[in-house]
Every structure is written in C-alpha cells, then in structure tokens.
file my_file-v9.cif (mmCIF, C-alpha atoms)
data_protein
#
loop_
_atom_site.group_PDB
_atom_site.id
_atom_site.type_symbol
_atom_site.label_atom_id
_atom_site.label_comp_id
_atom_site.auth_asym_id
_atom_site.auth_seq_id
_atom_site.Cartn_x
_atom_site.Cartn_y
_atom_site.Cartn_z
ATOM 1 C CA MET U 354 -7.411 14.821 14.318
ATOM 2 C CA PHE U 355 -3.790 13.756 13.972
ATOM 3 C CA ARG U 356 -4.840 10.205 13.036
ATOM 4 C CA HIS U 357 -7.142 11.625 10.365
ATOM 5 C CA PHE U 358 -4.241 13.656 8.984
ATOM 6 C CA LEU U 359 -2.010 10.573 8.858
ATOM 7 C CA PHE U 360 -4.735 8.643 7.016
ATOM 8 C CA LEU U 361 -5.058 11.396 4.399
ATOM 9 C CA LEU U 362 -1.295 11.570 4.046
ATOM 10 C CA ALA U 363 -1.029 7.794 3.530
ATOM 11 C CA ALA U 364 -3.811 7.901 0.952
ATOM 12 C CA PHE U 365 -2.024 10.695 -0.912
ATOM 13 C CA VAL U 366 1.267 8.796 -0.928
ATOM 14 C CA ILE U 367 -0.393 5.629 -2.240
ATOM 15 C CA ALA U 368 -2.244 7.563 -4.943
ATOM 16 C CA SER U 369 0.907 9.366 -6.039
ATOM 17 C CA THR U 370 3.035 6.231 -6.205
ATOM 18 C CA ALA U 371 0.452 4.016 -7.964
ATOM 19 C CA PRO U 372 1.209 5.323 -11.499
ATOM 20 C CA ALA U 373 4.946 4.852 -10.919
ATOM 21 C CA GLN U 374 4.396 1.291 -9.690
ATOM 22 C CA GLU U 375 2.215 0.495 -12.690
ATOM 23 C CA GLU U 376 4.823 1.920 -15.036
ATOM 24 C CA SER U 377 7.519 -0.139 -13.285
ATOM 25 C CA ALA U 378 5.445 -3.318 -13.665
ATOM 26 C CA GLN U 379 4.928 -2.632 -17.366
ATOM 27 C CA ALA U 380 8.644 -2.032 -17.842
ATOM 28 C CA ARG U 381 9.541 -5.270 -16.075
ATOM 29 C CA TYR U 382 7.034 -7.221 -18.129
ATOM 30 C CA ALA U 383 8.453 -5.674 -21.305
ATOM 31 C CA ASP U 384 11.954 -6.790 -20.263
ATOM 32 C CA ALA U 385 10.751 -10.317 -19.530
ATOM 33 C CA LYS U 386 8.864 -10.469 -22.835
ATOM 34 C CA ASP U 387 11.956 -9.221 -24.670
ATOM 35 C CA ALA U 388 14.064 -11.948 -23.054
ATOM 36 C CA PHE U 389 11.498 -14.570 -24.086
ATOM 37 C CA ASP U 390 11.423 -13.292 -27.678
ATOM 38 C CA LYS U 391 15.225 -13.574 -27.782
ATOM 39 C CA GLY U 392 15.074 -17.206 -26.675
ATOM 40 C CA ASP U 393 16.201 -16.616 -23.094
ATOM 41 C CA PHE U 394 13.353 -18.630 -21.590
ATOM 42 C CA GLN U 395 15.110 -19.143 -18.250
ATOM 43 C CA GLY U 396 15.763 -15.423 -17.901
ATOM 44 C CA ALA U 397 12.181 -14.585 -18.852
ATOM 45 C CA ARG U 398 10.935 -17.073 -16.262
ATOM 46 C CA LYS U 399 13.063 -15.551 -13.495
ATOM 47 C CA MET U 400 12.004 -11.995 -14.317
ATOM 48 C CA ALA U 401 8.312 -12.919 -14.435
ATOM 49 C CA GLU U 402 8.583 -14.845 -11.158
ATOM 50 C CA LYS U 403 10.185 -11.784 -9.541
ATOM 51 C CA MET U 404 7.192 -9.730 -10.638
ATOM 52 C CA LEU U 405 4.834 -12.184 -8.964
ATOM 53 C CA SER U 406 6.889 -12.264 -5.769
ATOM 54 C CA GLN U 407 6.510 -8.481 -5.564
ATOM 55 C CA GLY U 408 2.742 -8.675 -5.947
ATOM 56 C CA GLN U 409 2.627 -7.637 -9.610
ATOM 57 C CA LEU U 410 0.091 -10.248 -10.674
ATOM 58 C CA SER U 411 -1.446 -10.082 -14.137
ATOM 59 C CA ARG U 412 -2.779 -12.346 -16.854
ATOM 60 C CA GLU U 413 0.141 -11.334 -19.074
ATOM 61 C CA ALA U 414 2.748 -12.323 -16.477
ATOM 62 C CA PHE U 415 1.121 -15.709 -15.862
ATOM 63 C CA GLN U 416 0.771 -16.345 -19.586
ATOM 64 C CA LEU U 417 4.429 -15.447 -20.150
ATOM 65 C CA LEU U 418 5.445 -17.859 -17.393
ATOM 66 C CA GLY U 419 3.324 -20.573 -18.963
ATOM 67 C CA ASN U 420 4.994 -20.051 -22.320
ATOM 68 C CA ALA U 421 8.472 -19.988 -20.750
ATOM 69 C CA HIS U 422 7.897 -23.210 -18.798
ATOM 70 C CA TYR U 423 6.493 -24.879 -21.912
ATOM 71 C CA ARG U 424 9.605 -23.980 -23.893
ATOM 72 C CA LEU U 425 11.736 -25.322 -21.031
ATOM 73 C CA GLY U 426 9.838 -28.627 -21.137
ATOM 74 C CA HIS U 427 8.078 -28.138 -17.795
ATOM 75 C CA LEU U 428 4.593 -29.130 -18.884
ATOM 76 C CA GLY U 429 3.143 -29.302 -15.377
ATOM 77 C CA GLU U 430 4.292 -25.781 -14.504
ATOM 78 C CA ALA U 431 3.155 -24.536 -17.916
ATOM 79 C CA SER U 432 -0.325 -25.916 -17.289
ATOM 80 C CA LEU U 433 -0.352 -24.359 -13.809
ATOM 81 C CA PHE U 434 0.467 -20.857 -15.018
ATOM 82 C CA PHE U 435 -1.865 -21.044 -18.001
ATOM 83 C CA ARG U 436 -4.658 -21.958 -15.585
ATOM 84 C CA ARG U 437 -3.760 -19.002 -13.389
ATOM 85 C CA ALA U 438 -3.800 -16.725 -16.437
ATOM 86 C CA ASN U 439 -7.236 -18.103 -17.269
ATOM 87 C CA LEU U 440 -8.575 -16.720 -13.976
ATOM 88 C CA PHE U 441 -8.118 -13.147 -15.211
ATOM 89 C CA PRO U 442 -10.735 -11.580 -17.499
ATOM 90 C CA PRO U 443 -11.055 -11.693 -20.388
ATOM 91 C CA VAL U 444 -10.260 -15.344 -21.069
ATOM 92 C CA GLU U 445 -7.710 -15.572 -23.880
ATOM 93 C CA PRO U 446 -8.429 -18.164 -26.614
ATOM 94 C CA GLU U 447 -4.677 -18.764 -26.909
ATOM 95 C CA VAL U 448 -4.483 -19.789 -23.236
ATOM 96 C CA ARG U 449 -7.318 -22.289 -23.656
ATOM 97 C CA GLN U 450 -5.670 -23.698 -26.783
ATOM 98 C CA ASN U 451 -2.367 -24.090 -24.943
ATOM 99 C CA LEU U 452 -4.078 -25.960 -22.113
ATOM 100 C CA ALA U 453 -5.788 -28.266 -24.613
ATOM 101 C CA HIS U 454 -2.445 -28.888 -26.337
ATOM 102 C CA ILE U 455 -0.745 -29.806 -23.056
ATOM 103 C CA ARG U 456 -3.634 -32.125 -22.181
ATOM 104 C CA ASP U 457 -3.175 -33.901 -25.520
ATOM 105 C CA ARG U 458 0.529 -34.356 -24.766
ATOM 106 C CA THR U 459 0.307 -35.483 -21.149
ATOM 107 C CA GLY U 460 -3.198 -36.922 -20.845
ATOM 108 C CA HIS U 461 -3.726 -35.068 -17.571
ATOM 109 C CA VAL U 462 -7.104 -35.221 -15.824
ATOM 110 C CA SER U 463 -9.297 -32.253 -14.937
ATOM 111 C CA PHE U 464 -12.538 -31.674 -13.111
ATOM 112 C CA PRO U 465 -15.461 -31.317 -15.535
ATOM 113 C CA ARG U 466 -16.382 -27.790 -16.559
ATOM 114 C CA SER U 467 -18.567 -26.139 -19.158
ATOM 115 C CA ALA U 468 -16.573 -24.439 -21.913
ATOM 116 C CA PHE U 469 -19.497 -22.105 -22.599
ATOM 117 C CA ARG U 470 -19.821 -21.042 -18.955
ATOM 118 C CA GLU U 471 -16.080 -20.566 -18.631
ATOM 119 C CA GLN U 472 -15.876 -18.428 -21.750
ATOM 120 C CA TYR U 473 -19.005 -16.418 -20.932
ATOM 121 C CA ALA U 474 -18.022 -15.704 -17.339
ATOM 122 C CA GLY U 475 -14.512 -14.813 -18.479
ATOM 123 C CA PHE U 476 -15.627 -11.583 -20.126
ATOM 124 C CA LEU U 477 -15.640 -9.741 -16.776
ATOM 125 C CA GLY U 478 -14.357 -10.157 -13.243
ATOM 126 C CA ARG U 479 -16.663 -11.113 -10.357
ATOM 127 C CA THR U 480 -16.874 -7.545 -9.048
ATOM 128 C CA GLN U 481 -17.680 -6.218 -12.520
ATOM 129 C CA TRP U 482 -20.417 -8.829 -12.977
ATOM 130 C CA PHE U 483 -21.807 -7.978 -9.533
ATOM 131 C CA ILE U 484 -21.857 -4.228 -10.196
ATOM 132 C CA THR U 485 -23.552 -4.821 -13.561
ATOM 133 C CA ALA U 486 -26.231 -7.023 -11.993
ATOM 134 C CA VAL U 487 -26.939 -4.605 -9.130
ATOM 135 C CA SER U 488 -27.001 -1.569 -11.426
ATOM 136 C CA ALA U 489 -29.433 -3.268 -13.814
ATOM 137 C CA ALA U 490 -31.631 -4.311 -10.898
ATOM 138 C CA TRP U 491 -31.796 -0.714 -9.648
ATOM 139 C CA VAL U 492 -32.678 0.484 -13.151
ATOM 140 C CA ALA U 493 -35.539 -2.035 -13.234
ATOM 141 C CA ILE U 494 -36.779 -0.924 -9.805
ATOM 142 C CA GLY U 495 -36.457 2.757 -10.677
ATOM 143 C CA SER U 496 -38.381 2.380 -13.937
ATOM 144 C CA PHE U 497 -41.129 0.502 -12.097
ATOM 145 C CA VAL U 498 -41.445 3.182 -9.392
ATOM 146 C CA LEU U 499 -41.423 5.967 -11.985
ATOM 147 C CA ALA U 500 -44.159 4.253 -13.997
ATOM 148 C CA ILE U 501 -46.404 4.261 -10.917
ATOM 149 C CA PHE U 502 -46.444 8.060 -10.857
ATOM 150 C CA LEU U 503 -47.222 8.417 -14.558
ATOM 151 C CA ARG U 504 -50.709 8.608 -15.968
ATOM 152 C CA ARG U 505 -52.202 5.277 -17.009
ATOM 153 C CA HIS U 506 -52.145 6.080 -20.728
ATOM 154 C CA SER U 507 -48.869 7.977 -20.770
ATOM 155 C CA PRO U 508 -46.647 6.948 -23.730
ATOM 156 C CA LEU U 509 -43.668 6.921 -21.352
ATOM 157 C CA ARG U 510 -45.074 3.894 -19.560
ATOM 158 C CA VAL U 511 -44.446 1.744 -22.664
ATOM 159 C CA GLY U 512 -40.852 2.934 -22.848
ATOM 160 C CA LEU U 513 -40.325 2.333 -19.151
ATOM 161 C CA ALA U 514 -41.777 -1.151 -19.482
ATOM 162 C CA PHE U 515 -39.256 -1.902 -22.223
ATOM 163 C CA VAL U 516 -36.420 -0.515 -20.095
ATOM 164 C CA ARG U 517 -37.607 -2.588 -17.146
ATOM 165 C CA VAL U 518 -37.667 -5.836 -19.132
ATOM 166 C CA LEU U 519 -34.252 -5.117 -20.642
ATOM 167 C CA ALA U 520 -32.790 -4.293 -17.221
ATOM 168 C CA VAL U 521 -34.137 -7.521 -15.738
ATOM 169 C CA ILE U 522 -32.584 -9.535 -18.575
ATOM 170 C CA VAL U 523 -29.229 -7.796 -18.076
ATOM 171 C CA ALA U 524 -29.397 -8.373 -14.315
ATOM 172 C CA VAL U 525 -30.100 -12.090 -14.776
ATOM 173 C CA LEU U 526 -27.324 -12.535 -17.352
ATOM 174 C CA ALA U 527 -24.862 -10.645 -15.152
ATOM 175 C CA GLY U 528 -25.940 -12.784 -12.205
ATOM 176 C CA PHE U 529 -25.062 -15.918 -14.146
ATOM 177 C CA GLY U 530 -21.695 -14.414 -15.075
ATOM 178 C CA TRP U 531 -20.991 -13.640 -11.412
ATOM 179 C CA TYR U 532 -22.029 -17.128 -10.280
ATOM 180 C CA TRP U 533 -20.067 -18.963 -12.978
ATOM 181 C CA ARG U 534 -16.920 -16.892 -12.485
ATOM 182 C CA PRO U 535 -14.446 -18.851 -10.312
ATOM 183 C CA SER U 536 -14.409 -17.577 -6.740
ATOM 184 C CA PHE U 537 -11.651 -18.019 -4.179
ATOM 185 C CA GLU U 538 -13.795 -20.462 -2.208
ATOM 186 C CA ARG U 539 -14.241 -22.721 -5.241
ATOM 187 C CA ILE U 540 -10.552 -22.991 -6.102
ATOM 188 C CA GLU U 541 -8.974 -22.581 -2.662
ATOM 189 C CA LYS U 542 -8.267 -26.315 -2.335
ATOM 190 C CA VAL U 543 -7.573 -27.011 -6.020
ATOM 191 C CA ALA U 544 -3.978 -27.863 -6.927
ATOM 192 C CA ILE U 545 -2.077 -28.795 -10.081
ATOM 193 C CA ILE U 546 0.372 -31.699 -10.423
ATOM 194 C CA THR U 547 3.733 -30.343 -11.596
ATOM 195 C CA VAL U 548 6.083 -33.315 -11.041
ATOM 196 C CA PRO U 549 6.277 -36.070 -13.700
ATOM 197 C CA ASP U 550 5.505 -39.697 -12.788
ATOM 198 C CA THR U 551 3.305 -38.686 -9.844
ATOM 199 C CA LYS U 552 0.935 -41.287 -8.422
ATOM 200 C CA ALA U 553 -1.919 -41.271 -5.941
ATOM 201 C CA TYR U 554 -1.697 -44.025 -3.323
ATOM 202 C CA THR U 555 -4.216 -45.789 -1.127
ATOM 203 C CA ALA U 556 -2.245 -44.736 1.966
ATOM 204 C CA ALA U 557 0.307 -42.078 2.881
ATOM 205 C CA THR U 558 3.293 -44.174 1.792
ATOM 206 C CA VAL U 559 4.873 -45.074 -1.546
ATOM 207 C CA THR U 560 4.689 -48.767 -0.621
ATOM 208 C CA ALA U 561 0.865 -48.669 -0.648
ATOM 209 C CA GLY U 562 -1.291 -49.592 -3.610
ATOM 210 C CA THR U 563 -1.722 -47.166 -6.490
ATOM 211 C CA VAL U 564 -5.049 -45.405 -7.002
ATOM 212 C CA SER U 565 -4.065 -43.800 -10.300
ATOM 213 C CA ALA U 566 -1.257 -42.114 -12.185
ATOM 214 C CA LEU U 567 -1.364 -38.314 -12.267
ATOM 215 C CA PRO U 568 0.348 -36.848 -15.351
ATOM 216 C CA PRO U 569 1.725 -33.282 -15.122
ATOM 217 C CA GLY U 570 -1.053 -30.732 -15.338
ATOM 218 C CA SER U 571 -3.632 -32.922 -13.589
ATOM 219 C CA GLU U 572 -6.077 -31.221 -11.230
ATOM 220 C CA ILE U 573 -6.676 -32.442 -7.698
ATOM 221 C CA ARG U 574 -8.670 -31.094 -4.758
ATOM 222 C CA ARG U 575 -7.036 -31.253 -1.329
ATOM 223 C CA LEU U 576 -9.257 -32.728 1.374
ATOM 224 C CA GLU U 577 -6.823 -33.317 4.231
ATOM 225 C CA ASP U 578 -3.164 -32.533 4.946
ATOM 226 C CA ARG U 579 -0.962 -34.900 6.905
ATOM 227 C CA GLY U 580 2.709 -33.988 7.084
ATOM 228 C CA ILE U 581 4.305 -34.326 3.653
ATOM 229 C CA TRP U 582 1.162 -35.984 2.265
ATOM 230 C CA SER U 583 -2.299 -34.785 1.275
ATOM 231 C CA TYR U 584 -5.505 -36.750 0.904
ATOM 232 C CA VAL U 585 -6.994 -35.545 -2.367
ATOM 233 C CA GLU U 586 -9.947 -35.919 -4.695
ATOM 234 C CA ILE U 587 -9.073 -36.983 -8.242
ATOM 235 C CA PRO U 588 -11.234 -36.416 -11.343
ATOM 236 C CA GLY U 589 -12.595 -39.629 -12.867
ATOM 237 C CA GLU U 590 -14.616 -40.476 -15.950
ATOM 238 C CA ASP U 591 -17.520 -42.068 -14.065
ATOM 239 C CA GLN U 592 -16.884 -40.809 -10.548
ATOM 240 C CA ASN U 593 -14.143 -39.003 -8.683
ATOM 241 C CA ARG U 594 -11.586 -41.053 -6.776
ATOM 242 C CA ARG U 595 -9.548 -40.333 -3.660
ATOM 243 C CA GLY U 596 -5.983 -41.061 -2.678
ATOM 244 C CA TRP U 597 -2.803 -39.805 -1.051
ATOM 245 C CA VAL U 598 -0.327 -37.596 -2.936
ATOM 246 C CA GLN U 599 2.978 -36.174 -1.759
ATOM 247 C CA ASN U 600 2.851 -32.394 -1.270
ATOM 248 C CA ALA U 601 6.049 -31.871 -3.278
ATOM 249 C CA ALA U 602 4.265 -33.159 -6.400
ATOM 250 C CA PHE U 603 1.744 -30.327 -6.719
ATOM 251 C CA GLU U 604 1.279 -26.570 -6.443
ATOM 252 C CA PRO U 605 -1.871 -24.728 -5.295
ATOM 253 C CA LEU U 606 -3.821 -23.259 -8.185
ATOM 254 C CA TRP U 607 -4.147 -19.928 -6.377
ATOM 255 C CA PRO U 608 -1.711 -19.283 -3.473
ATOM 256 C CA TYR U 609 -2.210 -15.508 -3.670
ATOM 257 C CA GLN U 610 -4.634 -13.136 -1.980
ATOM 258 C CA ARG U 611 -8.284 -13.673 -2.797
ATOM 259 C CA GLY U 612 -8.784 -10.054 -3.781
ATOM 260 C CA TYR U 613 -7.018 -10.554 -7.090
ATOM 261 C CA LEU U 614 -9.857 -12.828 -8.236
ATOM 262 C CA GLU U 615 -12.524 -10.231 -7.555
#
call {"tool": "encode", "arguments": {"input": "my_file-v9.cif", "output": "structure tokens"}}
result
Amino acid sequence: MFRHFLFLLAAFVIASTAPAQEESAQARYADAKDAFDKGDFQGARKMAEKMLSQGQLSREAFQLLGNAHYRLGHLGEASLFFRRANLFPPVEPEVRQNLAHIRDRTGHVSFPRSAFREQYAGFLGRTQWFITAVSAAWVAIGSFVLAIFLRRHSPLRVGLAFVRVLAVIVAVLAGFGWYWRPSFERIEKVAIITVPDTKAYTAATVTAGTVSALPPGSEIRRLEDRGIWSYVEIPGEDQNRRGWVQNAAFEPLWPYQRGYLE
C-alpha cells in the first residue's frame, strides 16, 4: 500500500513539473537562438550543448548547433548535428539543403539512401507510424466483422467495403513509413567524421597503407573497436570498403537513448 502511494506521488510530481521543464527548455532555446542571431555563434553553441547535456533533445536544438558549427567553420560537426536534426519528424527541407551544401564543399561520402523514402518516413515518428498502421488495421478488421452481421443486400455493406479498402491502404502506407523510418538498431553503429584530413588505414597504425581519405561529414559504420582505433565500413561508389580509423576522428550519429527516436 505504501509503495503504491509512493508511485502515485512520484507520478504526480513528474506530471506537475513537466510543464515547467518544457517552459525552461523553450526559454533556453530562445536564449541560444537570440545569441546566434546576434552573431555570438560560440555562445549559442555552448548554450545549445548545455541543453543536450541536460536531456533537452529536439530538432530545433540540433539544427541550431548545426548552424552554429557551420558559421564557426566546423563542417564535420555541422554535418553531424544536421543529421541528428534530420532524425526528428518532420524532416526540414532546410536541413537537407544544408547537408547537400556541406557535401558539395567537402565531398564527404555517405551510405546510399532514397530521398523519397527519407522524406516520406520523416512526416511522423516510428511510434506514430506504428499507431497509425495498427489503428487502420483494426478499422479494417472491425468493418469486416460488422459486414458479416449485416444482411446480404444491405446498403451499409458497400460503405463498409469502401472503409475496409481505405483502411488497408492506410495501414500499408503507415507500415512503409514505420519500416523506412530510421530505428536505433539501424544507426547504432553509424558515426560521422568530424576531424579534417582523416584517413582510413589498412591496419590500426598511421604507418599502414591508406584505404581512402574521409572528408569531414563522411559516414562510417563501426564494425570492431580496438583501443583508440575502430575497424569501419566506408561507403563506396561500386562497393563499400573497410579500414581502420582513429576514434578521435569521429562521433557517433546517435549517442543518446533510443527512446528519443521512437
């Protein structure tokens, strides 16, 4: 009984403090955005990074950090934060344009992806797509069951058939959106090169042969960690390559809790 009371009390405290926390996050973002608009890019970067360190993750904060790093000349970090912003629905056209602009400047490499799938899936989050698909599926099932109990020539059967077909279409489309939306498992090992003049080597030493240059903003996929080195997969035009990259040269695409992506 006492444990139940404590649970209810904790739930009440969390519910009562949530609006205040949201208001605080909005105020901090407004301050960071104001600093950026005044040309204080370093100050805006520090304020936005403090928000992230306190768990206040949002597309706006990541996009602001991308813009601040770009103005500071940190193209690798800018690409990293724009990519993180792109993981939040809806996908902003400005973010995609900024990533394309950085790619034109640095020539960084990325794993192939469909622009249509990325844009389509970016309308909603994975949980929202899942709820939409399940709800539509239940509507289709319900209309089918209801039609069974109606008379054969009832005019409602035609309407229910239309509802059933429409619900199935919605369920399928939502299913595609859920599947195409990046999940934690798909990006867990993906990292972004942030240090200029980075190279991938044939062995875990800078005296080994070079596999390829990795301009800032390049994507890699970690396969194995060994001390200060990682064995990674590198996007290629014909086929992906593999090599060793120093850990200090890249940052994980998503080092935060998986729940934020849902």
call {"tool": "closest_residue", "arguments": {"input": "my_file-v9.cif", "among": "U:Phe537, U:Ala557, U:Thr563, U:Asp550", "to": "Glu615 of chain U", "atoms": "all atoms listed in the file"}}
result
U:Phe537
call {"tool": "resolve_selection", "arguments": {"input": "my_file-v9.cif", "expression": "the PyMOL selection byres ((chain U and resi 480) around 10)", "output": "list in words"}}
result
Leu477, Gly478, Arg479, Gln481, Trp482, Phe483, Ile484, Thr485, Ala486, Trp531, Arg534, Gly612, Leu614 and Glu615 of chain U
call {"tool": "resolve_selection", "arguments": {"input": "my_file-v9.cif", "expression": "the PyMOL selection byres ((chain U and resi 600-610) around 6)", "output": "VMD selection string"}}
result
chain U and resid 543 to 548 581 to 582 599 611 to 612
call {"tool": "write_last_selection", "arguments": {"input": "my_file-v9.cif", "atoms": "C-alpha atoms", "output": "short mmCIF file (atom, residue, chain, number, x, y, z; two decimals), in the coordinates of the input"}}
result
data_model
loop_
_atom_site.label_atom_id
_atom_site.label_comp_id
_atom_site.auth_asym_id
_atom_site.auth_seq_id
_atom_site.Cartn_x
_atom_site.Cartn_y
_atom_site.Cartn_z
CA VAL U 543 -7.57 -27.01 -6.02
CA ALA U 544 -3.98 -27.86 -6.93
CA ILE U 545 -2.08 -28.80 -10.08
CA ILE U 546 0.37 -31.70 -10.42
CA THR U 547 3.73 -30.34 -11.60
CA VAL U 548 6.08 -33.32 -11.04
CA ILE U 581 4.30 -34.33 3.65
CA TRP U 582 1.16 -35.98 2.26
CA GLN U 599 2.98 -36.17 -1.76
CA ARG U 611 -8.28 -13.67 -2.80
CA GLY U 612 -8.78 -10.05 -3.78
#
call {"tool": "atom_distance", "arguments": {"input": "my_file-v9.cif", "atom1": "atom CA of Gly408 of chain U", "atom2": "atom CA of Leu440 of chain U"}}
result
16.0 Å
call {"tool": "atom_distance", "arguments": {"input": "my_file-v9.cif", "atom1": "atom CA of Ala489 of chain U", "atom2": "atom CA of Ala524 of chain U"}}
result
5.1 Å
call {"tool": "resolve_selection", "arguments": {"input": "my_file-v9.cif", "expression": "the PyMOL selection byres ((chain U and resi 417-428) around 7)", "output": "list in words"}}
result
Phe394, Ala397, Arg398, Ala401, Glu413, Ala414, Phe415, Gln416, Gly429, Glu430, Ala431, Ser432, Phe434, Phe435, Ile455, Pro569 and Gly570 of chain U
call {"tool": "decode", "arguments": {"input": "my_file-v9.cif", "residues": "segment 371-459 of chain U", "atoms": "C-alpha atoms", "output": "tab-separated table (two decimals), in the first residue's frame"}}
result
chain	number	residue	atom	x	y	z
U	371	ALA	CA	6.76	18.60	-16.84
U	372	PRO	CA	5.20	21.92	-17.99
U	373	ALA	CA	7.84	23.87	-16.05
U	374	GLN	CA	10.63	21.81	-17.61
U	375	GLU	CA	9.20	22.32	-21.08
U	376	GLU	CA	8.92	26.05	-20.48
U	377	SER	CA	12.53	26.11	-19.23
U	378	ALA	CA	13.72	24.27	-22.36
U	379	GLN	CA	11.88	26.73	-24.60
U	380	ALA	CA	13.39	29.67	-22.73
U	381	ARG	CA	16.90	28.25	-23.04
U	382	TYR	CA	16.44	27.61	-26.74
U	383	ALA	CA	15.17	31.17	-27.19
U	384	ASP	CA	18.30	32.48	-25.45
U	385	ALA	CA	20.56	30.35	-27.63
U	386	LYS	CA	18.71	31.42	-30.78
U	387	ASP	CA	18.99	35.07	-29.72
U	388	ALA	CA	22.74	34.68	-29.23
U	389	PHE	CA	23.05	33.11	-32.69
U	390	ASP	CA	21.03	35.92	-34.30
U	391	LYS	CA	23.37	38.44	-32.66
U	392	GLY	CA	26.41	36.71	-34.15
U	393	ASP	CA	27.57	35.04	-30.94
U	394	PHE	CA	27.94	31.62	-32.54
U	395	GLN	CA	30.25	30.28	-29.82
U	396	GLY	CA	27.82	31.33	-27.10
U	397	ALA	CA	24.88	29.83	-28.99
U	398	ARG	CA	26.82	26.58	-29.38
U	399	LYS	CA	27.59	26.37	-25.66
U	400	MET	CA	24.00	27.08	-24.63
U	401	ALA	CA	22.60	24.50	-27.06
U	402	GLU	CA	25.15	21.90	-25.94
U	403	LYS	CA	24.12	22.51	-22.32
U	404	MET	CA	20.53	21.79	-23.30
U	405	LEU	CA	21.56	18.47	-24.81
U	406	SER	CA	23.66	17.53	-21.78
U	407	GLN	CA	20.56	18.01	-19.62
U	408	GLY	CA	18.47	15.74	-21.84
U	409	GLN	CA	16.60	18.52	-23.65
U	410	LEU	CA	16.90	16.99	-27.11
U	411	SER	CA	14.95	18.48	-30.00
U	412	ARG	CA	15.21	19.02	-33.74
U	413	GLU	CA	15.47	22.77	-33.14
U	414	ALA	CA	18.43	22.41	-30.76
U	415	PHE	CA	20.31	20.11	-33.15
U	416	GLN	CA	19.59	22.39	-36.09
U	417	LEU	CA	20.81	25.42	-34.14
U	418	LEU	CA	24.01	23.57	-33.27
U	419	GLY	CA	24.49	22.66	-36.91
U	420	ASN	CA	24.11	26.28	-37.95
U	421	ALA	CA	26.46	27.48	-35.19
U	422	HIS	CA	29.17	24.96	-36.10
U	423	TYR	CA	28.83	25.87	-39.78
U	424	ARG	CA	29.35	29.55	-39.00
U	425	LEU	CA	32.38	28.61	-36.89
U	426	GLY	CA	33.85	26.66	-39.82
U	427	HIS	CA	33.38	23.23	-38.25
U	428	LEU	CA	31.88	21.47	-41.24
U	429	GLY	CA	32.16	17.97	-39.79
U	430	GLU	CA	30.31	18.92	-36.60
U	431	ALA	CA	27.76	20.89	-38.64
U	432	SER	CA	27.04	17.82	-40.75
U	433	LEU	CA	26.76	15.68	-37.60
U	434	PHE	CA	24.17	17.89	-35.93
U	435	PHE	CA	22.18	18.43	-39.11
U	436	ARG	CA	21.97	14.65	-39.46
U	437	ARG	CA	20.78	14.36	-35.87
U	438	ALA	CA	18.16	17.03	-36.53
U	439	ASN	CA	17.05	15.03	-39.56
U	440	LEU	CA	16.12	12.12	-37.28
U	441	PHE	CA	13.27	14.12	-35.77
U	442	PRO	CA	9.94	14.39	-37.61
U	443	PRO	CA	9.05	16.21	-39.70
U	444	VAL	CA	12.16	16.38	-41.88
U	445	GLU	CA	13.01	20.02	-42.58
U	446	PRO	CA	13.87	20.89	-46.21
U	447	GLU	CA	16.38	23.45	-44.91
U	448	VAL	CA	18.29	20.72	-43.05
U	449	ARG	CA	18.52	18.56	-46.17
U	450	GLN	CA	19.69	21.56	-48.20
U	451	ASN	CA	22.37	22.34	-45.62
U	452	LEU	CA	23.63	18.76	-45.73
U	453	ALA	CA	23.77	18.88	-49.53
U	454	HIS	CA	25.67	22.18	-49.37
U	455	ILE	CA	28.25	20.75	-46.95
U	456	ARG	CA	28.65	17.68	-49.16
U	457	ASP	CA	29.38	19.95	-52.13
U	458	ARG	CA	32.04	21.76	-50.09
U	459	THR	CA	33.78	18.78	-48.52
